[in-house]
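**Student:** Got a structure for you, questions after.
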Amino acid sequence: MSILNIKTNYMTSSVYNCSVLPLTKIHNNSGNITIVENGTHIPFDIKRVYYLYDIPGGESRGGHAHRDLHQLIIAASGSFDVILDDGINKKVVTLNRPHYGLYIIPGIWRELVEFSSGAICLVLASDVYNEDDYIRDYKEFLSYTKRL
Ligand code: TYD
């Protein structure tokens with residue numbers, strides 16, 4: 001059994017197990033650099049990186065949950081809100097600093113809203129893209145979490 005599976009098994013899919021992690025920031029007069037390395041800074045190995053940008057004002061993204069995927073979401077530029085929902089509790093997290101990342105465990109419904117102009121949402125993910133890992137129907141999500 002992989003480390004990821006062990007983590008998923010003992011970690012309840014609660015919004016309270018999703019947290020904002022401080023990332024390394026090296027500051028100097030010519031600008032800042034933030035580093036994320038496998039095994040050191042976040043609780044999963046990164047297999048995929050993608051980013052959302054050019055998001056029109058008023059648009060929302062997400063609106064789904066993942067069965068097994070772990071993600072770290074970073075506002076690489078600008079700001080946006082992430083609404084987390086475990087089927088019982090909801091939590092809203094504002095991301096607006098590139099040296100913080102929101103760790104989302106599997107089994108959490110998420111919606112990304114209130115994007116500022118020019119916002120860039122950087123996502124580090126524990127696996128490659130797999131549509132079968134998505135739950136895109138909210139009722140299906142509730143029954144998946146056995147809370148319908
Ligand atoms: P989706 O994950 O639904 O976007 P968001 O959560 O940001 O609203 O993905 C949008 C589309 O892009 C969907 O057709 C699947 C595709 N896609 C890929 O092909 N590969 C990927 O790694 C991702 C994240 C999305």
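Residue numbering restarts at 1 in every chain; chains get A, B, ... in the order shown in the structure tokens, and ligands count up from 1 in that same order.
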Would you please extract all strand (DSSP E) residues from range 12-61 of chain A, as assigned by DSSP on the backbone, and give them as a short mmCIF file (atom, residue, chain, number, x, y, z; two decimals) with C-alpha atoms, in the first residue's frame?
**Tutor:**
```cif
data_model
loop_
_atom_site.label_atom_id
_atom_site.label_comp_id
_atom_site.auth_asym_id
_atom_site.auth_seq_id
_atom_site.Cartn_x
_atom_site.Cartn_y
_atom_site.Cartn_z
CA SER A 19 -5.43 23.52 5.50
CA VAL A 20 -3.46 26.47 4.24
CA LEU A 21 0.23 25.53 4.26
CA PRO A 22 2.97 28.15 4.44
CA THR A 24 9.19 28.55 1.61
CA LYS A 25 9.75 32.14 0.52
CA ILE A 26 13.18 33.52 -0.25
CA HIS A 27 13.05 37.26 -0.32
CA ASN A 28 15.56 39.70 -1.70
CA GLY A 31 12.01 39.80 -5.87
CA ASN A 32 10.83 36.64 -4.18
CA ILE A 33 11.04 32.97 -4.94
CA THR A 34 8.85 30.19 -3.52
CA ILE A 35 9.84 26.55 -3.76
CA ARG A 48 0.89 17.07 -12.52
CA VAL A 49 0.92 20.85 -12.55
CA TYR A 50 -1.71 23.01 -14.21
CA TYR A 51 -2.84 26.59 -13.93
CA LEU A 52 -5.97 28.60 -14.56
CA ARG A 61 -14.36 27.09 -11.59
#
```
**Student:** Name the residues, by chain letter and number, that sit within 12 Å of ligand 1 using only C-alpha atoms and all ligand atoms, and give them as a PyMOL selection string.
**Tutor:** chain A and resi 47-55+59-66+69+71+73+82+109-113+120-137
**Student:** Take CA of Ser77 in chain A and CA of Asn29 in chain A and report the distance between them in Å, one decimal.
**Tutor:**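 Separation between CA of Ser77 in chain A and CA of Asn29 in chain A: 18.8 Å.
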**Student:** Enumerate as an MDAnalysis selection string all residues of chain A assigned to alpha helix (DSSP H) by DSSP on the backbone, naming them with the chain letters and numbers the document uses.
**Tutor:** chainID A and resid 3:10 138:144
**Student:** For a quick check of understanding, using only C-alpha atoms, which of A:Phe141, A:Gly58, A:Gly78, A:Asn96 has the smallest distance to Ile108 in chain A?
**Tutor:**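 Among the listed residues, the smallest separation from Ile108 in chain A belongs to A:Phe141.
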**Student:** Out of A:Lys91, A:Lys146, A:His99, A:His70, which residue has the shortest atom-to-atom distance to Asp45 in chain A when counting only C-alpha atoms?
**Tutor:**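 Once distances to Asp45 in chain A are computed over only C-alpha atoms, the minimum belongs to A:His70.
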**Student:** So which one's closest to Pro43 in chain A, A:Lys90, A:Tyr103, A:Ser79, A:Leu84? Using only C-alpha atoms, please.
**Tutor:**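 Of A:Lys90, A:Tyr103, A:Ser79, A:Leu84, the one nearest Pro43 in chain A is A:Tyr103, counting only C-alpha atoms.
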**Student:** Write out as a list in words each polymer residue whose atoms come within 10 Å of Gly87 in chain A, counting only C-alpha atoms; drop sequence neighbours fewer than 6 positions from it.
**Tutor:**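 Once the nearby chain positions are removed, what remains is Ser13, Ser14, Val15, Gly107, Ile108, Trp109, Tyr138, Lys139, Phe141, Leu142, Ser143, Tyr144, Thr145, Lys146, Arg147 and Leu148 of chain A.
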